[in-house]
$ cat start.csv   # CSV, C-alpha atoms and all ligand atoms
chain,number,residue,atom,x,y,z
A,187,MET,CA,126.8,173.1,89.6
A,188,TYR,CA,125.6,176.7,88.9
A,189,PRO,CA,127.5,179.9,89.6
A,190,LEU,CA,126.7,181.3,93.0
A,191,ARG,CA,127.2,184.8,91.7
A,192,ARG,CA,125.6,185.8,88.3
A,193,ASN,CA,127.1,189.1,87.4
A,194,ARG,CA,124.9,189.4,84.3
A,195,ARG,CA,122.0,190.0,86.6
A,196,LEU,CA,123.1,193.6,86.9
A,197,ARG,CA,123.4,194.0,83.1
A,198,GLN,CA,120.1,192.7,81.9
A,199,ASN,CA,118.4,195.9,81.0
A,200,SER,CA,119.2,199.6,80.8
A,201,ALA,CA,117.3,200.5,84.0
A,202,ILE,CA,119.5,198.2,86.2
A,203,ARG,CA,122.6,199.2,84.3
A,204,ARG,CA,121.9,202.8,84.9
A,205,LEU,CA,121.3,202.1,88.6
A,206,VAL,CA,124.7,200.4,89.1
A,207,ARG,CA,126.8,202.5,86.7
A,208,GLU,CA,129.9,203.8,88.5
A,209,THR,CA,130.8,206.6,86.2
A,210,ALA,CA,128.5,209.0,84.4
A,211,LEU,CA,129.3,212.2,82.5
A,212,THR,CA,127.6,215.5,83.2
A,213,PRO,CA,127.9,218.9,81.5
A,214,ASP,CA,129.8,220.0,84.7
A,215,ASP,CA,132.7,217.8,83.7
A,216,PHE,CA,133.7,219.8,80.7
A,217,LEU,CA,136.0,222.6,79.7
A,218,VAL,CA,135.5,223.8,76.1
A,219,PRO,CA,138.6,224.8,74.2
A,220,LEU,CA,137.9,227.7,71.8
A,221,PHE,CA,140.0,229.2,69.0
A,222,VAL,CA,139.9,232.9,68.4
A,223,THR,CA,141.1,234.8,65.3
A,224,GLU,CA,141.2,238.5,64.2
A,225,GLY,CA,138.5,239.8,61.9
A,226,LYS,CA,134.8,240.1,61.6
A,227,GLN,CA,132.0,237.5,61.1
A,228,LEU,CA,134.6,234.8,60.7
A,229,LYS,CA,133.9,231.2,61.5
A,230,GLU,CA,136.8,229.3,59.9
A,231,GLU,CA,136.8,225.5,59.9
A,232,ILE,CA,140.1,224.0,60.9
A,233,ALA,CA,141.2,221.7,58.1
A,234,SER,CA,142.5,218.9,60.3
A,235,MET,CA,139.7,219.3,62.9
A,236,PRO,CA,136.5,219.0,60.8
A,237,GLY,CA,133.5,220.5,62.6
A,238,TYR,CA,135.7,222.7,64.8
A,239,TYR,CA,136.3,226.4,64.1
A,240,ARG,CA,138.2,229.6,64.8
A,241,TYR,CA,135.9,232.5,65.7
A,242,SER,CA,136.3,236.2,65.3
A,243,LEU,CA,135.4,238.0,68.5
A,244,ASP,CA,131.8,238.9,67.4
A,245,LEU,CA,131.0,235.2,66.6
A,246,LEU,CA,132.9,234.1,69.7
A,247,GLU,CA,130.4,236.0,71.7
A,248,LYS,CA,127.6,234.2,70.0
A,249,GLU,CA,129.2,230.8,70.4
A,250,VAL,CA,129.8,231.4,74.1
A,251,ARG,CA,126.1,232.4,74.7
A,252,GLU,CA,125.1,229.1,73.0
A,253,LEU,CA,127.5,227.0,75.0
A,254,TYR,CA,126.1,228.6,78.2
A,255,LYS,CA,122.6,227.7,77.1
A,256,THR,CA,123.5,224.1,76.7
A,257,GLY,CA,124.7,224.0,80.3
A,258,LEU,CA,128.5,224.3,79.7
A,259,ARG,CA,130.2,226.7,82.1
A,260,ALA,CA,133.9,226.9,81.3
A,261,VAL,CA,135.9,227.8,78.3
A,262,LEU,CA,139.6,227.6,77.6
A,263,LEU,CA,140.8,230.3,75.1
A,264,PHE,CA,143.5,230.0,72.5
A,265,VAL,CA,144.3,232.7,69.9
A,266,LYS,CA,145.7,232.6,66.4
A,267,VAL,CA,148.2,235.5,66.1
A,268,PRO,CA,149.1,237.0,62.7
A,269,ASP,CA,152.7,236.3,61.6
A,270,THR,CA,153.5,240.0,61.6
A,271,LEU,CA,153.0,240.1,65.4
A,272,LYS,CA,155.2,237.1,66.2
A,273,ASP,CA,158.7,237.4,67.5
A,274,ASN,CA,161.2,235.4,69.5
A,275,ARG,CA,160.2,236.9,72.8
A,276,GLY,CA,156.5,236.6,72.3
A,277,THR,CA,156.0,240.3,73.0
A,278,GLU,CA,152.5,240.4,71.7
A,279,ALA,CA,151.4,238.0,74.4
A,280,PHE,CA,151.2,240.7,77.0
A,281,ASN,CA,149.8,243.5,74.8
A,282,PRO,CA,146.9,244.8,77.0
A,283,ASP,CA,144.8,245.1,73.8
A,284,GLY,CA,146.0,241.8,72.3
A,285,LEU,CA,143.6,239.3,70.9
A,286,MET,CA,143.6,237.2,74.0
A,287,GLN,CA,143.0,240.1,76.3
A,288,ARG,CA,140.1,241.3,74.1
A,289,ALA,CA,138.7,237.8,73.9
A,290,VAL,CA,138.6,237.5,77.7
A,291,ARG,CA,136.8,240.8,78.0
A,292,THR,CA,134.4,239.8,75.2
A,293,VAL,CA,133.4,236.6,76.9
A,294,LYS,CA,133.2,238.0,80.4
A,295,ASN,CA,131.0,240.9,79.2
A,296,ALA,CA,128.7,238.7,77.2
A,297,VAL,CA,128.3,235.9,79.7
A,298,PRO,CA,129.6,236.8,83.2
A,299,GLY,CA,128.8,233.4,84.5
A,300,MET,CA,131.0,231.6,82.1
A,301,LEU,CA,134.3,230.7,83.6
A,302,VAL,CA,137.2,231.9,81.5
A,303,MET,CA,140.5,230.1,81.4
A,304,THR,CA,143.4,231.3,79.2
A,305,ASP,CA,146.2,229.3,77.6
A,306,VAL,CA,149.5,230.7,78.8
A,307,ALA,CA,152.3,229.7,76.5
A,308,MET,CA,154.5,231.6,74.0
A,309,ASP,CA,154.0,229.3,71.0
A,310,PRO,CA,151.2,231.2,69.2
A,311,TYR,CA,153.2,234.4,69.6
A,312,SER,CA,156.7,233.0,68.9
A,313,SER,CA,158.2,233.2,65.4
A,314,TYR,CA,159.6,229.7,66.0
A,315,GLY,CA,156.3,228.2,67.4
A,316,HIS,CA,158.1,227.4,70.6
A,317,ASP,CA,156.9,227.7,74.2
A,318,GLY,CA,160.0,229.6,75.2
A,319,ILE,CA,162.6,232.1,73.9
A,320,VAL,CA,165.1,230.4,71.5
A,321,GLU,CA,168.8,231.2,71.8
A,322,ASN,CA,171.5,229.3,69.9
A,323,GLY,CA,169.1,226.4,69.2
A,324,ARG,CA,168.1,226.1,72.9
A,325,ILE,CA,165.0,227.1,74.8
A,326,LEU,CA,165.7,229.4,77.6
A,327,ASN,CA,163.9,228.6,80.8
A,328,ASP,CA,164.1,231.5,83.2
A,329,ALA,CA,163.8,234.3,80.6
A,330,SER,CA,160.7,232.5,79.2
A,331,VAL,CA,159.2,232.3,82.7
A,332,ASP,CA,159.5,236.1,82.9
A,333,VAL,CA,157.4,236.3,79.7
A,334,LEU,CA,154.8,233.8,81.1
A,335,VAL,CA,154.5,235.9,84.2
A,336,GLU,CA,153.8,239.1,82.2
A,337,MET,CA,151.4,237.2,80.0
A,338,SER,CA,149.5,235.7,83.0
A,339,LEU,CA,149.3,239.1,84.7
A,340,SER,CA,147.8,240.7,81.5
A,341,HIS,CA,145.2,237.9,81.3
A,342,ALA,CA,144.3,238.4,84.9
A,343,ARG,CA,144.0,242.1,84.4
A,344,ALA,CA,141.7,241.4,81.4
A,345,GLY,CA,139.5,239.4,83.7
A,346,ALA,CA,140.5,235.8,83.3
A,347,ASP,CA,139.3,233.5,86.1
A,348,PHE,CA,142.1,231.0,85.6
A,349,VAL,CA,145.3,231.0,83.7
A,350,ALA,CA,146.5,227.7,82.2
A,351,PRO,CA,150.2,227.5,81.7
A,352,SER,CA,150.8,224.8,79.0
A,353,ASP,CA,154.5,225.5,78.4
A,354,MET,CA,156.3,223.1,80.7
A,355,MET,CA,159.1,225.6,81.7
A,356,ASP,CA,160.4,224.8,85.2
A,357,GLY,CA,159.3,227.1,88.0
A,358,ARG,CA,156.6,229.0,86.2
A,359,ILE,CA,153.8,228.1,88.6
A,360,LEU,CA,155.6,229.6,91.6
A,361,ALA,CA,156.6,232.7,89.6
A,362,ILE,CA,153.0,233.3,88.4
A,363,ARG,CA,151.5,232.6,91.8
A,364,GLU,CA,153.9,235.1,93.5
A,365,ALA,CA,153.2,237.7,90.9
A,366,PHE,CA,149.4,237.2,91.3
A,367,GLU,CA,149.8,237.6,95.1
A,368,GLU,CA,151.9,240.8,94.7
A,369,GLU,CA,149.4,242.4,92.3
A,370,GLY,CA,146.4,241.5,94.4
A,371,PHE,CA,145.0,238.7,92.0
A,372,THR,CA,144.6,236.4,95.0
A,373,ASP,CA,141.4,234.9,93.5
A,374,THR,CA,142.8,234.2,90.0
A,375,GLY,CA,143.4,230.5,89.7
A,376,ILE,CA,146.1,228.5,88.0
A,377,MET,CA,145.4,225.3,86.2
A,378,SER,CA,148.8,223.9,85.4
A,379,TYR,CA,149.5,221.5,82.6
A,380,SER,CA,151.6,219.5,85.0
A,381,ALA,CA,152.2,216.3,83.0
A,382,LYS,CA,152.2,217.4,79.5
A,383,TYR,CA,153.9,214.9,77.1
A,384,ALA,CA,155.8,215.7,73.9
A,385,SER,CA,153.1,214.2,71.8
A,386,ALA,CA,152.4,213.6,68.1
A,387,PHE,CA,148.7,214.1,68.9
A,388,TYR,CA,149.0,218.0,68.9
A,389,GLY,CA,149.4,218.2,65.1
A,390,PRO,CA,145.9,219.5,64.3
A,391,PHE,CA,146.0,222.1,67.1
A,392,ARG,CA,149.2,223.5,65.6
A,393,ASP,CA,147.4,223.8,62.3
A,394,ALA,CA,144.6,225.6,64.0
A,395,LEU,CA,147.0,228.2,65.5
A,396,ASP,CA,149.7,228.1,62.8
A,397,SER,CA,152.1,227.4,65.6
A,398,ALA,CA,154.2,224.3,64.6
A,399,PRO,CA,157.7,224.5,66.1
A,400,VAL,CA,160.6,225.2,63.8
A,401,ASP,CA,164.3,226.0,64.3
A,402,GLN,CA,166.1,229.2,63.3
A,403,LYS,CA,166.3,227.9,59.7
A,404,GLY,CA,162.6,227.1,59.5
A,405,ILE,CA,163.1,223.3,59.8
A,406,PRO,CA,160.5,221.5,61.8
A,407,LYS,CA,161.4,220.8,65.4
A,408,ASP,CA,159.9,219.0,68.3
A,409,LYS,CA,159.4,220.1,71.9
A,410,LYS,CA,161.2,217.2,73.6
A,411,THR,CA,163.5,219.4,75.6
A,412,TYR,CA,160.6,220.7,77.7
A,413,GLN,CA,157.5,218.5,77.2
A,414,MET,CA,157.7,215.1,78.9
A,415,ASP,CA,159.0,211.8,77.3
A,416,TYR,CA,156.1,209.5,76.8
A,417,GLY,CA,158.1,206.6,78.2
A,418,ASN,CA,157.9,208.1,81.6
A,419,ARG,CA,155.5,207.6,84.4
A,420,ILE,CA,157.1,208.3,87.8
A,421,GLU,CA,158.3,211.7,86.4
A,422,ALA,CA,154.6,212.7,86.0
A,423,LEU,CA,154.2,212.3,89.7
A,424,ARG,CA,157.3,214.5,90.3
A,425,GLU,CA,156.0,217.2,88.0
A,426,THR,CA,152.6,217.2,89.6
A,427,ASP,CA,154.0,217.3,93.1
A,428,LEU,CA,156.1,220.3,92.2
A,429,ASP,CA,153.3,222.2,90.6
A,430,ILE,CA,151.1,221.6,93.7
A,431,ASP,CA,153.9,222.9,95.9
A,432,GLU,CA,154.3,225.9,93.7
A,433,GLY,CA,150.6,226.8,94.0
A,434,ALA,CA,148.6,225.2,91.3
A,435,ASP,CA,144.9,225.0,92.0
A,436,ILE,CA,144.2,222.3,89.3
A,437,VAL,CA,146.7,220.0,87.7
A,438,MET,CA,146.4,218.4,84.3
A,439,VAL,CA,147.5,215.4,82.3
A,440,LYS,CA,147.7,215.8,78.5
A,441,PRO,CA,147.0,214.1,76.1
A,442,GLY,CA,144.1,211.9,77.3
A,443,LEU,CA,143.5,208.4,76.0
A,444,CYS,CA,147.1,207.2,75.8
A,445,TYR,CA,147.9,208.5,79.2
A,446,LEU,CA,145.0,207.2,81.4
A,447,ASP,CA,147.5,205.2,83.5
A,448,ILE,CA,149.1,208.5,84.4
A,449,VAL,CA,145.7,210.0,85.2
A,450,ARG,CA,145.0,207.1,87.6
A,451,ASP,CA,148.4,207.3,89.3
A,452,ILE,CA,148.0,211.1,89.9
A,453,LYS,CA,144.4,210.6,91.1
A,454,ASN,CA,145.6,208.0,93.6
A,455,GLU,CA,148.5,210.0,94.8
A,456,PHE,CA,147.2,213.6,95.1
A,457,ASP,CA,144.2,215.2,96.6
A,458,ILE,CA,143.6,218.1,94.1
A,459,PRO,CA,141.3,218.6,91.2
A,460,LEU,CA,142.6,216.8,88.1
A,461,ALA,CA,142.0,217.9,84.5
A,462,VAL,CA,142.6,215.8,81.4
A,463,TYR,CA,143.0,217.2,77.9
A,464,GLN,CA,141.6,215.1,75.1
A,465,VAL,CA,143.7,216.7,72.4
A,466,SER,CA,143.3,217.7,68.8
A,467,GLY,CA,144.8,214.5,67.4
A,468,GLU,CA,142.4,212.4,69.4
A,469,TYR,CA,139.5,214.5,68.0
A,470,ALA,CA,140.9,214.1,64.5
A,471,MET,CA,141.2,210.4,64.7
A,472,ILE,CA,137.6,209.9,65.8
A,473,LYS,CA,136.4,212.3,63.0
A,474,ALA,CA,138.4,210.6,60.3
A,475,ALA,CA,137.4,207.1,61.2
A,476,SER,CA,133.8,207.9,61.6
A,477,GLU,CA,133.6,209.9,58.3
A,478,LYS,CA,134.8,206.7,56.6
A,479,GLY,CA,132.1,204.8,58.4
A,480,TRP,CA,134.6,202.6,60.3
A,481,ILE,CA,133.4,203.6,63.8
A,482,ASP,CA,130.3,205.0,65.3
A,483,HIS,CA,131.1,208.6,66.1
A,484,ASP,CA,128.7,209.3,69.0
A,485,ALA,CA,129.3,205.9,70.6
A,486,VAL,CA,133.1,206.3,70.5
A,487,VAL,CA,132.9,209.8,71.8
A,488,LEU,CA,130.9,208.8,74.9
A,489,GLU,CA,133.0,205.7,75.5
A,490,GLN,CA,136.3,207.7,75.4
A,491,LEU,CA,135.0,210.6,77.6
A,492,THR,CA,133.6,208.2,80.1
A,493,ALA,CA,136.9,206.2,80.2
A,494,ILE,CA,138.8,209.5,80.9
A,495,LYS,CA,136.5,210.2,83.8
A,496,ARG,CA,136.7,206.7,85.1
A,497,ALA,CA,140.5,206.9,85.0
A,498,GLY,CA,140.2,209.8,87.5
A,499,ALA,CA,139.5,213.0,85.6
A,500,ASP,CA,137.5,215.6,87.5
A,501,ILE,CA,137.6,218.0,84.5
A,502,ILE,CA,137.8,217.1,80.8
A,503,ALA,CA,139.0,219.6,78.3
A,504,SER,CA,137.5,218.3,75.0
A,505,TYR,CA,136.5,219.4,71.5
A,506,PHE,CA,133.6,217.0,72.0
A,507,ALA,CA,132.1,218.8,75.0
A,508,ARG,CA,129.2,220.1,72.9
A,509,ASP,CA,128.5,216.6,71.4
A,510,ALA,CA,128.7,215.1,74.9
A,511,VAL,CA,126.1,217.4,76.3
A,512,ARG,CA,123.8,216.7,73.3
A,513,LEU,CA,124.3,213.0,73.7
A,514,LEU,CA,123.7,213.1,77.4
A,515,GLN,CA,120.3,214.7,76.8
A,516,GLU,CA,119.2,212.1,74.2
B,601,LIG,C1,150.4,225.3,73.6
B,601,LIG,C2,149.4,224.2,73.6
B,601,LIG,C3,149.4,223.1,72.7
B,601,LIG,C4,148.2,222.4,73.0
B,601,LIG,C5,147.6,223.1,74.1
B,601,LIG,N1,148.4,224.2,74.4
B,601,LIG,C6,150.3,222.7,71.6
B,601,LIG,C7,151.7,222.3,71.9
B,601,LIG,O1,152.1,222.2,73.1
B,601,LIG,O2,152.4,222.2,71.0
B,601,LIG,C8,147.7,221.2,72.3
B,601,LIG,C9,146.2,221.0,72.4
B,601,LIG,C10,145.7,220.0,71.4
B,601,LIG,O3,146.4,219.4,70.6
B,601,LIG,O4,144.5,219.9,71.3
B,601,LIG,N2,151.5,225.2,74.4
$ encode --input "start.csv" --output "structure tokens" --more "lines below"
Ligand code: PBG
Amino acid sequence: MYPLRRNRRLRQNSAIRRLVRETALTPDDFLVPLFVTEGKQLKEEIASMPGYYRYSLDLLEKEVRELYKTGLRAVLLFVKVPDTLKDNRGTEAFNPDGLMQRAVRTVKNAVPGMLVMTDVAMDPYSSYGHDGIVENGRILNDASVDVLVEMSLSHARAGADFVAPSDMMDGRILAIREAFEEEGFTDTGIMSYSAKYASAFYGPFRDALDSAPVDQKGIPKDKKTYQMDYGNRIEALRETDLDIDEGADIVMVKPGLCYLDIVRDIKNEFDIPLAVYQVSGEYAMIKAASEKGWIDHDAVVLEQLTAIKRAGADIIASYFARDAVRLLQE
């Protein structure tokens, strides 16, 4: 008695495996997060993200040119704002000459073909590191949405192709979309962080931007009153549904690896481009374990990114985008 079907036949060498492979990464899958800081000739390594940097505008320009040469075509910008410019209302966020606005203009001038997306959230500008205005220990929703709208408009005026609201306030996609329509930014897109979980994996990112949330006494706080509870799955569908109705062009799940069930659910349910953010803590874990020699860095990077795409991601925001493109060429 022999098996009628021998599945190993399709695995016997790399040529046949390549032929029948269902999911393959390409440079077109990636969105590259970039951290920007004030100053000149600065390329500062982020302590909890080895091999990842904050760039001053002059070096940002150089970095973006290089990324473009490797075949990458989309960046997602984040800025580190000096403490002296932070306040509870995130006023600096819509300064027409703020760091983000200058960063957008810098990238667009240097490499017009690079798609520029901007993070829209108050946390880097907030004295409390929160994504909303804090009042009596609570995060105000609608007043914060007003700030997000101003911020989005100022990014659009600076030339951003897409804004990416990552704050999880209710109703912000509709408010931003309406403001864009009114001001004639009909072609400026919105990539909404639709299912963004209150995750412990954002730690290194908050180091990168010095944006860890605290209360009015400076005691560390979490973001559980606005970001989603990681026990919830159906709620992610509700959030996504709402953002699509409100006018999002692309929706997102964040973090990546622990949330691939959510990615698949959303992919099955909605017909809209879906992004997944492999976040800073996921990056840090791979770096730390591979530095110890416990895992093979490149192999794990490719396996995780492929798994994210296999789960249903059309777009992957990843600190490994450059590595992935290099590995795909090898
Ligand atoms: C800001 C924002 C965060 C991330 C992206 N946008 C941090 C947060 O919500 O606290 C995290 C990205 C990462 O960890 O790589 N709202």
$ residues_near_ligand --input "start.csv" --ligand "ligand LIG 601 (chain B)" --cutoff "7 Å" --atoms "all atoms listed in the file" --output "CSV table (one decimal) with C-alpha atoms, in the frame of the given file"
chain,number,residue,atom,x,y,z
A,305,ASP,CA,146.2,229.3,77.6
A,307,ALA,CA,152.3,229.7,76.5
A,309,ASP,CA,154.0,229.3,71.0
A,317,ASP,CA,156.9,227.7,74.2
A,352,SER,CA,150.8,224.8,79.0
A,353,ASP,CA,154.5,225.5,78.4
A,387,PHE,CA,148.7,214.1,68.9
A,388,TYR,CA,149.0,218.0,68.9
A,389,GLY,CA,149.4,218.2,65.1
A,390,PRO,CA,145.9,219.5,64.3
A,391,PHE,CA,146.0,222.1,67.1
A,392,ARG,CA,149.2,223.5,65.6
A,398,ALA,CA,154.2,224.3,64.6
A,464,GLN,CA,141.6,215.1,75.1
A,465,VAL,CA,143.7,216.7,72.4
A,466,SER,CA,143.3,217.7,68.8
A,467,GLY,CA,144.8,214.5,67.4
$ residues_around --input "start.csv" --residues "Glu278 of chain A" --least-positions-apart "2" --cutoff "10 Å" --atoms "only C-alpha atoms" --output "number ranges by chain"
A: 267, 271-273, 275-276, 280-286, 308, 310-312, 337
$ atom_distance --input "start.csv" --atom1 "atom CA of Glu468 of chain A" --atom2 "atom CA of Leu217 of chain A"
15.8 Å
$ closest_residue --input "start.csv" --among "A:Glu249, A:Asp500, A:Glu336, A:Glu224" --to "Val449 of chain A" --atoms "only C-alpha atoms"
A:Asp500
$ atom_distance --input "start.csv" --atom1 "atom CA of Met235 of chain A" --atom2 "atom CA of Asn418 of chain A"
28.4 Å
$ closest_residue --input "start.csv" --among "A:Ala210, A:Gly299, A:Leu190, A:Gln287" --to "His341 of chain A" --atoms "all atoms listed in the file"
A:Gln287
$ atom_distance --input "start.csv" --atom1 "atom CA of Arg343 of chain A" --atom2 "atom CA of Thr304 of chain A"
12.0 Å
$ closest_residue --input "start.csv" --among "A:Asn454, A:Ser385, A:Thr256, A:Thr374" --to "Pro213 of chain A" --atoms "all atoms listed in the file"
A:Thr256
$ residues_around --input "start.csv" --residues "Tyr383 of chain A" --least-positions-apart "5" --cutoff "9 Å" --atoms "all atoms listed in the file" --output "number ranges by chain"
A: 410, 412-416, 439-441
$ residues_near_point --input "start.csv" --point "(128.5, 237.8, 75.5)" --cutoff "9 Å" --atoms "only C-alpha atoms" --output "PyMOL selection string"
chain A and resi 244+246-251+292-298
$ closest_residue --input "start.csv" --among "A:Leu339, A:Ala384, A:Pro406, A:Ala201" --to "Ala365 of chain A" --atoms "all atoms listed in the file"
A:Leu339
$ closest_residue --input "start.csv" --among "A:Tyr445, A:Asn327, A:Gly433, A:Ser504" --to "Thr372 of chain A" --atoms "only C-alpha atoms"
A:Gly433
$ closest_residue --input "start.csv" --among "A:Lys409, A:Glu516, A:Gly442, A:Ile202" --to "Tyr314 of chain A" --atoms "all atoms listed in the file"
A:Lys409
$ residues_near_point --input "start.csv" --point "(130.6, 213.6, 72.6)" --cutoff "12 Å" --atoms "all atoms listed in the file" --output "MDAnalysis selection string"
chainID A and resid 211:213 216 218 464 469 472:473 482:492 502:516
$ write_last_selection --input "start.csv" --atoms "C-alpha atoms" --output "PDB file, in the frame of the given file"
ATOM      1  CA  LEU A 211     129.300 212.200  82.500  1.00  0.00           C
ATOM      2  CA  THR A 212     127.600 215.500  83.200  1.00  0.00           C
ATOM      3  CA  PRO A 213     127.900 218.900  81.500  1.00  0.00           C
ATOM      4  CA  PHE A 216     133.700 219.800  80.700  1.00  0.00           C
ATOM      5  CA  VAL A 218     135.500 223.800  76.100  1.00  0.00           C
ATOM      6  CA  GLN A 464     141.600 215.100  75.100  1.00  0.00           C
ATOM      7  CA  TYR A 469     139.500 214.500  68.000  1.00  0.00           C
ATOM      8  CA  ILE A 472     137.600 209.900  65.800  1.00  0.00           C
ATOM      9  CA  LYS A 473     136.400 212.300  63.000  1.00  0.00           C
ATOM     10  CA  ASP A 482     130.300 205.000  65.300  1.00  0.00           C
ATOM     11  CA  HIS A 483     131.100 208.600  66.100  1.00  0.00           C
ATOM     12  CA  ASP A 484     128.700 209.300  69.000  1.00  0.00           C
ATOM     13  CA  ALA A 485     129.300 205.900  70.600  1.00  0.00           C
ATOM     14  CA  VAL A 486     133.100 206.300  70.500  1.00  0.00           C
ATOM     15  CA  VAL A 487     132.900 209.800  71.800  1.00  0.00           C
ATOM     16  CA  LEU A 488     130.900 208.800  74.900  1.00  0.00           C
ATOM     17  CA  GLU A 489     133.000 205.700  75.500  1.00  0.00           C
ATOM     18  CA  GLN A 490     136.300 207.700  75.400  1.00  0.00           C
ATOM     19  CA  LEU A 491     135.000 210.600  77.600  1.00  0.00           C
ATOM     20  CA  THR A 492     133.600 208.200  80.100  1.00  0.00           C
ATOM     21  CA  ILE A 502     137.800 217.100  80.800  1.00  0.00           C
ATOM     22  CA  ALA A 503     139.000 219.600  78.300  1.00  0.00           C
ATOM     23  CA  SER A 504     137.500 218.300  75.000  1.00  0.00           C
ATOM     24  CA  TYR A 505     136.500 219.400  71.500  1.00  0.00           C
ATOM     25  CA  PHE A 506     133.600 217.000  72.000  1.00  0.00           C
ATOM     26  CA  ALA A 507     132.100 218.800  75.000  1.00  0.00           C
ATOM     27  CA  ARG A 508     129.200 220.100  72.900  1.00  0.00           C
ATOM     28  CA  ASP A 509     128.500 216.600  71.400  1.00  0.00           C
ATOM     29  CA  ALA A 510     128.700 215.100  74.900  1.00  0.00           C
ATOM     30  CA  VAL A 511     126.100 217.400  76.300  1.00  0.00           C
ATOM     31  CA  ARG A 512     123.800 216.700  73.300  1.00  0.00           C
ATOM     32  CA  LEU A 513     124.300 213.000  73.700  1.00  0.00           C
ATOM     33  CA  LEU A 514     123.700 213.100  77.400  1.00  0.00           C
ATOM     34  CA  GLN A 515     120.300 214.700  76.800  1.00  0.00           C
ATOM     35  CA  GLU A 516     119.200 212.100  74.200  1.00  0.00           C
TER      36      GLU A 516
END
$ residues_around --input "start.csv" --residues "Ser242 of chain A" --least-positions-apart "2" --cutoff "8 Å" --atoms "all atoms listed in the file" --output "number ranges by chain"
A: 222-229, 240, 244-246
